[in-house]
$ cat upload_30.cif   # mmCIF, C-alpha atoms and all ligand atoms
data_query
#
loop_
_atom_site.group_PDB
_atom_site.id
_atom_site.type_symbol
_atom_site.label_atom_id
_atom_site.label_comp_id
_atom_site.auth_asym_id
_atom_site.auth_seq_id
_atom_site.Cartn_x
_atom_site.Cartn_y
_atom_site.Cartn_z
ATOM 1 C CA MET A 1425 18.940 10.170 -11.833
ATOM 2 C CA GLU A 1426 21.196 7.558 -10.197
ATOM 3 C CA PRO A 1427 19.592 5.851 -7.186
ATOM 4 C CA ASN A 1428 20.801 7.354 -3.926
ATOM 5 C CA ALA A 1429 19.778 7.499 -0.277
ATOM 6 C CA LEU A 1430 17.250 10.264 -0.944
ATOM 7 C CA THR A 1431 15.527 8.553 -3.879
ATOM 8 C CA VAL A 1432 15.208 5.128 -2.248
ATOM 9 C CA ILE A 1433 13.897 6.559 1.035
ATOM 10 C CA HIS A 1434 11.424 8.674 -0.924
ATOM 11 C CA LYS A 1435 10.238 5.493 -2.659
ATOM 12 C CA LEU A 1436 9.533 4.026 0.771
ATOM 13 C CA VAL A 1437 7.743 7.213 1.878
ATOM 14 C CA ARG A 1438 5.566 7.174 -1.261
ATOM 15 C CA HIS A 1439 4.813 3.484 -0.751
ATOM 16 C CA GLU A 1440 3.699 4.086 2.854
ATOM 17 C CA ILE A 1441 1.589 7.189 2.252
ATOM 18 C CA HIS A 1442 -0.176 5.556 -0.701
ATOM 19 C CA ALA A 1443 -0.856 2.473 1.434
ATOM 20 C CA VAL A 1444 -2.648 4.717 3.961
ATOM 21 C CA SER A 1445 -4.649 6.289 1.108
ATOM 22 C CA ASP A 1446 -5.724 2.824 -0.054
ATOM 23 C CA ARG A 1447 -6.705 1.867 3.489
ATOM 24 C CA LEU A 1448 -8.762 5.014 3.929
ATOM 25 C CA ALA A 1449 -10.424 4.541 0.540
ATOM 26 C CA ALA A 1450 -11.724 1.110 1.582
ATOM 27 C CA ALA A 1451 -12.326 1.768 5.313
ATOM 28 C CA GLY A 1452 -15.614 0.697 6.897
ATOM 29 C CA ASP A 1453 -17.086 0.760 10.405
ATOM 30 C CA SER A 1454 -14.639 -1.761 11.827
ATOM 31 C CA ASP A 1455 -11.476 -0.162 10.394
ATOM 32 C CA ASP A 1456 -11.200 3.150 12.255
ATOM 33 C CA ARG A 1457 -8.746 1.940 14.896
ATOM 34 C CA ALA A 1458 -6.475 0.280 12.299
ATOM 35 C CA VAL A 1459 -6.592 3.427 10.129
ATOM 36 C CA LEU A 1460 -5.592 5.572 13.118
ATOM 37 C CA GLU A 1461 -2.635 3.270 13.830
ATOM 38 C CA ALA A 1462 -1.593 3.349 10.145
ATOM 39 C CA ILE A 1463 -1.742 7.165 10.137
ATOM 40 C CA ARG A 1464 0.317 7.327 13.347
ATOM 41 C CA ARG A 1465 2.964 5.009 11.882
ATOM 42 C CA ALA A 1466 3.131 7.080 8.697
ATOM 43 C CA ALA A 1467 3.374 10.284 10.783
ATOM 44 C CA GLU A 1468 6.277 8.853 12.763
ATOM 45 C CA MET A 1469 8.093 7.810 9.593
ATOM 46 C CA LEU A 1470 7.544 11.203 7.928
ATOM 47 C CA ARG A 1471 8.715 13.096 11.014
ATOM 48 C CA GLY A 1472 11.814 10.914 11.244
ATOM 49 C CA HIS A 1473 12.571 11.506 7.569
ATOM 50 C CA ALA A 1474 12.143 15.296 7.845
ATOM 51 C CA GLU A 1475 14.313 15.367 11.000
ATOM 52 C CA GLN A 1476 17.098 13.527 9.163
ATOM 53 C CA GLU A 1477 16.900 16.032 6.309
ATOM 54 C CA ASP A 1478 16.817 18.989 8.718
ATOM 55 C CA ALA A 1479 19.886 17.670 10.549
ATOM 56 C CA HIS A 1480 22.031 16.423 7.653
ATOM 57 C CA LEU A 1481 20.882 17.811 4.295
ATOM 58 C CA LEU A 1482 19.433 21.285 4.812
ATOM 59 C CA PRO A 1483 22.571 22.663 6.529
ATOM 60 C CA VAL A 1484 24.611 21.576 3.459
ATOM 61 C CA LEU A 1485 22.010 23.078 1.146
ATOM 62 C CA GLN A 1486 21.897 26.283 3.190
ATOM 63 C CA ALA A 1487 25.518 26.975 2.214
ATOM 64 C CA VAL A 1488 24.931 26.667 -1.541
ATOM 65 C CA ALA A 1489 21.239 27.468 -2.103
ATOM 66 C CA PRO A 1490 19.839 29.322 0.950
ATOM 67 C CA GLU A 1491 16.515 30.234 -0.650
ATOM 68 C CA LEU A 1492 15.810 26.608 -1.577
ATOM 69 C CA ALA A 1493 16.856 25.485 1.931
ATOM 70 C CA ARG A 1494 14.464 28.032 3.467
ATOM 71 C CA ARG A 1495 11.582 26.910 1.224
ATOM 72 C CA LEU A 1496 12.091 23.199 1.958
ATOM 73 C CA ASP A 1497 12.360 23.905 5.689
ATOM 74 C CA GLU A 1498 9.109 25.865 5.537
ATOM 75 C CA GLN A 1499 7.461 22.943 3.694
ATOM 76 C CA HIS A 1500 8.615 20.575 6.470
ATOM 77 C CA HIS A 1501 6.862 22.783 9.043
ATOM 78 C CA SER A 1502 3.737 23.093 6.946
ATOM 79 C CA LEU A 1503 3.553 19.317 6.269
ATOM 80 C CA ASP A 1504 4.090 18.662 9.974
ATOM 81 C CA ARG A 1505 1.196 20.971 10.896
ATOM 82 C CA ASP A 1506 -1.073 19.260 8.351
ATOM 83 C CA MET A 1507 -0.058 15.847 9.697
ATOM 84 C CA GLU A 1508 -0.870 16.977 13.260
ATOM 85 C CA ALA A 1509 -4.337 18.063 12.137
ATOM 86 C CA ILE A 1510 -4.929 14.749 10.346
ATOM 87 C CA CYS A 1511 -3.837 12.751 13.421
ATOM 88 C CA ALA A 1512 -6.233 14.837 15.550
ATOM 89 C CA SER A 1513 -9.094 14.167 13.079
ATOM 90 C CA ALA A 1514 -8.337 10.429 13.027
ATOM 91 C CA GLU A 1515 -8.403 10.392 16.849
ATOM 92 C CA ALA A 1516 -11.632 12.429 17.005
ATOM 93 C CA LEU A 1517 -13.222 9.965 14.572
ATOM 94 C CA GLN A 1518 -12.911 7.201 17.191
ATOM 95 C CA ARG A 1519 -15.187 9.143 19.550
ATOM 96 C CA LEU A 1520 -17.965 9.895 17.062
ATOM 97 C CA PRO A 1521 -21.232 7.938 17.011
ATOM 98 C CA MET A 1522 -21.359 5.466 14.101
ATOM 99 C CA SER A 1523 -24.048 7.574 12.416
ATOM 100 C CA ARG A 1524 -21.536 10.420 11.876
ATOM 101 C CA ARG A 1525 -18.499 8.387 10.981
ATOM 102 C CA VAL A 1526 -19.150 7.800 7.275
ATOM 103 C CA ARG A 1527 -18.946 11.527 6.549
ATOM 104 C CA ALA A 1528 -15.972 12.058 8.892
ATOM 105 C CA ARG A 1529 -14.133 9.131 7.264
ATOM 106 C CA ARG A 1530 -14.684 10.622 3.834
ATOM 107 C CA GLN A 1531 -13.363 14.006 5.025
ATOM 108 C CA LEU A 1532 -10.332 12.286 6.546
ATOM 109 C CA HIS A 1533 -9.691 10.487 3.251
ATOM 110 C CA ASP A 1534 -9.892 13.814 1.346
ATOM 111 C CA ALA A 1535 -7.563 15.541 3.837
ATOM 112 C CA TRP A 1536 -5.093 12.674 3.636
ATOM 113 C CA ASN A 1537 -5.051 12.786 -0.165
ATOM 114 C CA ARG A 1538 -4.410 16.552 -0.171
ATOM 115 C CA PHE A 1539 -1.577 15.895 2.275
ATOM 116 C CA VAL A 1540 -0.191 13.157 -0.016
ATOM 117 C CA ALA A 1541 -0.303 15.590 -2.946
ATOM 118 C CA ASP A 1542 1.725 18.154 -0.958
ATOM 119 C CA CYS A 1543 4.199 15.456 0.154
ATOM 120 C CA LEU A 1544 4.677 14.301 -3.448
ATOM 121 C CA LEU A 1545 5.358 17.857 -4.628
ATOM 122 C CA HIS A 1546 7.776 18.390 -1.741
ATOM 123 C CA MET A 1547 9.747 15.208 -2.506
ATOM 124 C CA ASP A 1548 9.747 16.029 -6.209
ATOM 125 C CA GLU A 1549 11.327 19.423 -5.462
ATOM 126 C CA GLU A 1550 13.876 17.778 -3.159
ATOM 127 C CA GLU A 1551 14.822 15.306 -5.878
ATOM 128 C CA ARG A 1552 14.945 17.763 -8.780
ATOM 129 C CA ALA A 1553 16.368 20.845 -7.048
ATOM 130 C CA MET A 1554 18.149 19.733 -3.855
ATOM 131 C CA GLN A 1555 19.516 16.308 -4.799
ATOM 132 C CA PRO A 1556 21.989 17.477 -7.515
ATOM 133 C CA LEU A 1557 23.587 19.859 -4.986
ATOM 134 C CA LEU A 1558 24.285 17.265 -2.286
ATOM 135 C CA GLY A 1559 26.904 15.041 -3.947
ATOM 136 C CA GLU A 1560 28.462 12.421 -1.670
ATOM 137 C CA GLY A 1561 26.156 13.347 1.207
ATOM 138 C CA ILE A 1562 23.399 11.095 -0.107
ATOM 139 C CA VAL A 1563 25.241 8.063 -1.526
ATOM 140 C CA LEU A 1564 23.259 4.818 -1.286
ATOM 141 C CA SER A 1565 25.637 3.417 1.345
ATOM 142 C CA LYS A 1566 24.227 6.026 3.781
ATOM 143 C CA VAL A 1567 21.085 3.864 3.968
ATOM 144 C CA ALA A 1568 23.230 0.821 4.771
ATOM 145 C CA GLU A 1569 25.093 2.832 7.402
ATOM 146 C CA SER A 1570 21.907 4.015 9.110
ATOM 147 C CA THR A 1571 20.477 0.459 9.284
ATOM 148 C CA LEU A 1572 23.643 -0.731 11.035
ATOM 149 C CA ALA A 1573 23.110 1.960 13.679
ATOM 150 C CA MET A 1574 19.573 0.659 14.436
ATOM 151 C CA GLU A 1575 18.489 -2.033 16.894
ATOM 152 C CA GLN A 1576 18.466 -5.348 14.992
ATOM 153 C CA ALA A 1577 14.659 -5.751 15.167
ATOM 154 C CA ASN A 1578 14.087 -2.166 13.942
ATOM 155 C CA ALA A 1579 16.597 -2.636 11.116
ATOM 156 C CA ASP A 1580 14.897 -5.900 10.062
ATOM 157 C CA GLU A 1581 11.471 -4.247 9.986
ATOM 158 C CA PHE A 1582 12.768 -1.176 8.149
ATOM 159 C CA LEU A 1583 14.566 -3.266 5.516
ATOM 160 C CA ALA A 1584 11.573 -5.588 4.995
ATOM 161 C CA ASN A 1585 9.451 -2.495 4.238
ATOM 162 C CA LEU A 1586 12.156 -0.954 2.071
ATOM 163 C CA TRP A 1587 12.554 -4.103 -0.069
ATOM 164 C CA ARG A 1588 8.867 -3.837 -0.991
ATOM 165 C CA ALA A 1589 9.346 -0.306 -2.333
ATOM 166 C CA ILE A 1590 12.588 -0.411 -4.356
ATOM 167 C CA THR A 1591 14.082 -2.265 -7.350
ATOM 168 C CA PRO A 1592 16.116 -5.509 -7.026
ATOM 169 C CA GLN A 1593 19.218 -3.587 -8.182
ATOM 170 C CA GLU A 1594 18.794 -0.986 -5.437
ATOM 171 C CA ARG A 1595 18.298 -3.747 -2.872
ATOM 172 C CA ILE A 1596 21.470 -5.532 -4.012
ATOM 173 C CA ALA A 1597 23.472 -2.267 -3.812
ATOM 174 C CA ILE A 1598 22.260 -1.672 -0.218
ATOM 175 C CA GLU A 1599 22.874 -5.292 0.836
ATOM 176 C CA ARG A 1600 26.410 -5.105 -0.627
ATOM 177 C CA ALA A 1601 27.118 -1.832 1.194
ATOM 178 C CA ARG A 1602 25.864 -3.352 4.472
ATOM 179 C CA LEU A 1603 28.102 -6.364 3.996
ATOM 180 C CA ARG A 1604 31.113 -4.207 3.145
ATOM 181 C CA LEU A 1605 30.574 -2.028 6.235
ATOM 182 C CA GLN A 1606 30.127 -5.074 8.473
ATOM 183 C CA LEU A 1607 33.355 -6.613 7.128
ATOM 184 C CA GLU A 1608 35.243 -3.332 7.626
ATOM 185 C CA ARG A 1609 33.997 -3.105 11.208
ATOM 186 C CA ALA A 1610 34.902 -6.735 11.927
ATOM 187 C CA ALA A 1611 38.397 -6.164 10.490
ATOM 188 C CA ARG A 1612 38.826 -3.054 12.677
ATOM 189 C CA ARG A 1613 37.696 -4.974 15.767
ATOM 190 C CA ALA A 1614 40.141 -7.801 14.985
ATOM 191 C CA GLU A 1615 42.938 -5.270 14.530
ATOM 192 C CA ASP A 1616 42.107 -3.590 17.871
ATOM 193 C CA CYS A 1617 42.145 -6.988 19.628
ATOM 194 C CA TYR A 1618 45.484 -7.855 18.016
ATOM 195 C CA GLU A 1619 46.985 -4.516 19.115
ATOM 196 C CA ALA A 1620 45.589 -4.917 22.670
ATOM 197 C CA ASP A 1621 47.075 -8.427 22.892
ATOM 198 C CA ALA A 1622 50.419 -7.212 21.582
ATOM 199 C CA ALA A 1623 50.595 -4.327 24.089
HETATM 200 FE FE FE B 1701 11.714 16.788 3.088
HETATM 201 FE FE FE B 1702 12.556 14.030 1.650
#
$ encode --input "upload_30.cif" --output "C-alpha cells"
Amino acid sequence: MEPNALTVIHKLVRHEIHAVSDRLAAAGDSDDRAVLEAIRRAAEMLRGHAEQEDAHLLPVLQAVAPELARRLDEQHHSLDRDMEAICASAEALQRLPMSRRVRARRQLHDAWNRFVADCLLHMDEEERAMQPLLGEGIVLSKVAESTLAMEQANADEFLANLWRAITPQERIAIERARLRLQLERAARRAEDCYEADAA
C-alpha cells in the first residue's frame, strides 16, 4: 500500500494510543492526573480524526460501498461511546481514596487496551477495505494542506508529533507538498497584487 493521508494519520493515531497504554501500564500513585490529561488529549485527537472521516471520506464511500460506510460509521459511534466511558473512569479515579486506586487503575488499563484493540481493528478495516475505494481523496498532500490551514503553533505541534510516527520518506513527501503549496499560494498572491496594481 502506497503511503497516503489515511495511512500516515493512522500511524500517528496508533503511536498516540500505544503511548497512553504504556503510561497506564507504568502508572503509580502520583501519575493519575497526567494519565487523565493523556487520555483527554488522545480522545480529542481520535474525535477530530473520526469527524474528518465522517465529513470527507464516508460520504464518498457511501456512494460506492454503502454497507461498508454504514459499518464504519457505526464503529465511530461505538468507539466514541467507549472513549466517553474511559474518560469518565479516568476522572472518577481522581476522586477515589488512594487505597482503592490500584484496582481502579488496573481496570482503566484493561479498558483502555480493549479500546485500543477495537481502534486497531477499525483502522485496519479502513485501510484494507475503504482506502482502495477513495483514490485521489486521500493523497499525501492532503496532510500538507490541512497543516497549512492550522494556526502556526498547532501545525508545529502536530507535525512534531507526526514526524515521530512516520518514515523519513513520508516526512520528506509531506514537507515537499507543504513547500509546493506555499510557493503556489505566494505566486497567486503576487499575481493578485500585480493585477491590482495594473488596474
Ligand atoms: Fe475511522
Ligand atoms: Fe481512521
$ residues_near_point --input "upload_30.cif" --point "(27.7, 5.5, 2.3)" --cutoff "10 Å" --atoms "all atoms listed in the file" --output "ChimeraX atom specification"
/A:1428-1429,1560-1570,1598,1601-1602,1605
$ resolve_selection --input "upload_30.cif" --expression "the PyMOL selection byres (((not hetatm)) within 10 of (chain B and resi 1701))" --output "number ranges by chain"
A: 1430, 1434, 1470-1471, 1473-1478, 1481-1482, 1496-1501, 1503, 1543-1544, 1546-1551, 1554
$ closest_residue --input "upload_30.cif" --among "A:Met1507, A:Ala1493, A:Ile1433, A:Ala1589" --to "Glu1468 (chain A)" --atoms "all atoms listed in the file"
A:Met1507
$ resolve_selection --input "upload_30.cif" --expression "the PyMOL selection byres (((chain A and resi 1452-1459) around 10) and not hetatm)" --output "list in words"
Val1444, Ser1445, Arg1447, Leu1448, Ala1449, Ala1450, Ala1451, Leu1460, Glu1461, Ala1462, Ile1463, Arg1464, Arg1465, Ala1514, Glu1515, Leu1517, Gln1518, Met1522, Ser1523, Arg1525, Val1526 and Arg1529 of chain A
$ closest_residue --input "upload_30.cif" --among "A:Ala1516, A:Leu1485, A:Ile1441, A:Ala1622" --to "Arg1538 (chain A)" --atoms "all atoms listed in the file"
A:Ile1441
$ closest_residue --input "upload_30.cif" --among "A:Ala1512, A:Leu1583, A:Ala1573, A:Ala1553" --to "ligand FE 1702 (chain B)" --atoms "only C-alpha atoms and all ligand atoms"
A:Ala1553
$ closest_residue --input "upload_30.cif" --among "A:Pro1427, A:Phe1539, A:Asn1578, A:Arg1519" --to "Arg1505 (chain A)" --atoms "only C-alpha atoms"
A:Phe1539
$ axis_aligned_box --input "upload_30.cif" --around "region 1562-1573 of chain A" --padding-each-side "5 Å" --output "AutoDock Vina command-line options"
--center_x 23.1 --center_y 5.2 --center_z 6.1 --size_x 15.2 --size_y 21.8 --size_z 25.2
$ closest_residue --input "upload_30.cif" --among "A:Glu1594, A:Glu1615, A:Asp1506, A:Asp1542" --to "ligand FE 1702 (chain B)" --atoms "all atoms listed in the file"
A:Asp1542
$ resolve_selection --input "upload_30.cif" --expression "the PyMOL selection byres (((chain A and resi 1586) around 10) and not hetatm)" --output "list in words"
Val1432, Ile1433, Lys1435, Leu1436, Val1437, His1439, Glu1440, Asp1580, Glu1581, Phe1582, Leu1583, Ala1584, Asn1585, Trp1587, Arg1588, Ala1589, Ile1590, Thr1591 and Arg1595 of chain A
$ atom_distance --input "upload_30.cif" --atom1 "atom FE of ligand FE 1702 (chain B)" --atom2 "CA of Thr1431 (chain A)"
8.3 Å
$ atom_distance --input "upload_30.cif" --atom1 "CA of Glu1426 (chain A)" --atom2 "CA of Pro1556 (chain A)"
10.3 Å
$ atom_distance --input "upload_30.cif" --atom1 "CA of Glu1508 (chain A)" --atom2 "CA of Pro1521 (chain A)"
22.6 Å
$ closest_residue --input "upload_30.cif" --among "A:Ala1487, A:Leu1545, A:Thr1571, A:Trp1536" --to "Glu1599 (chain A)" --atoms "only C-alpha atoms"
A:Thr1571
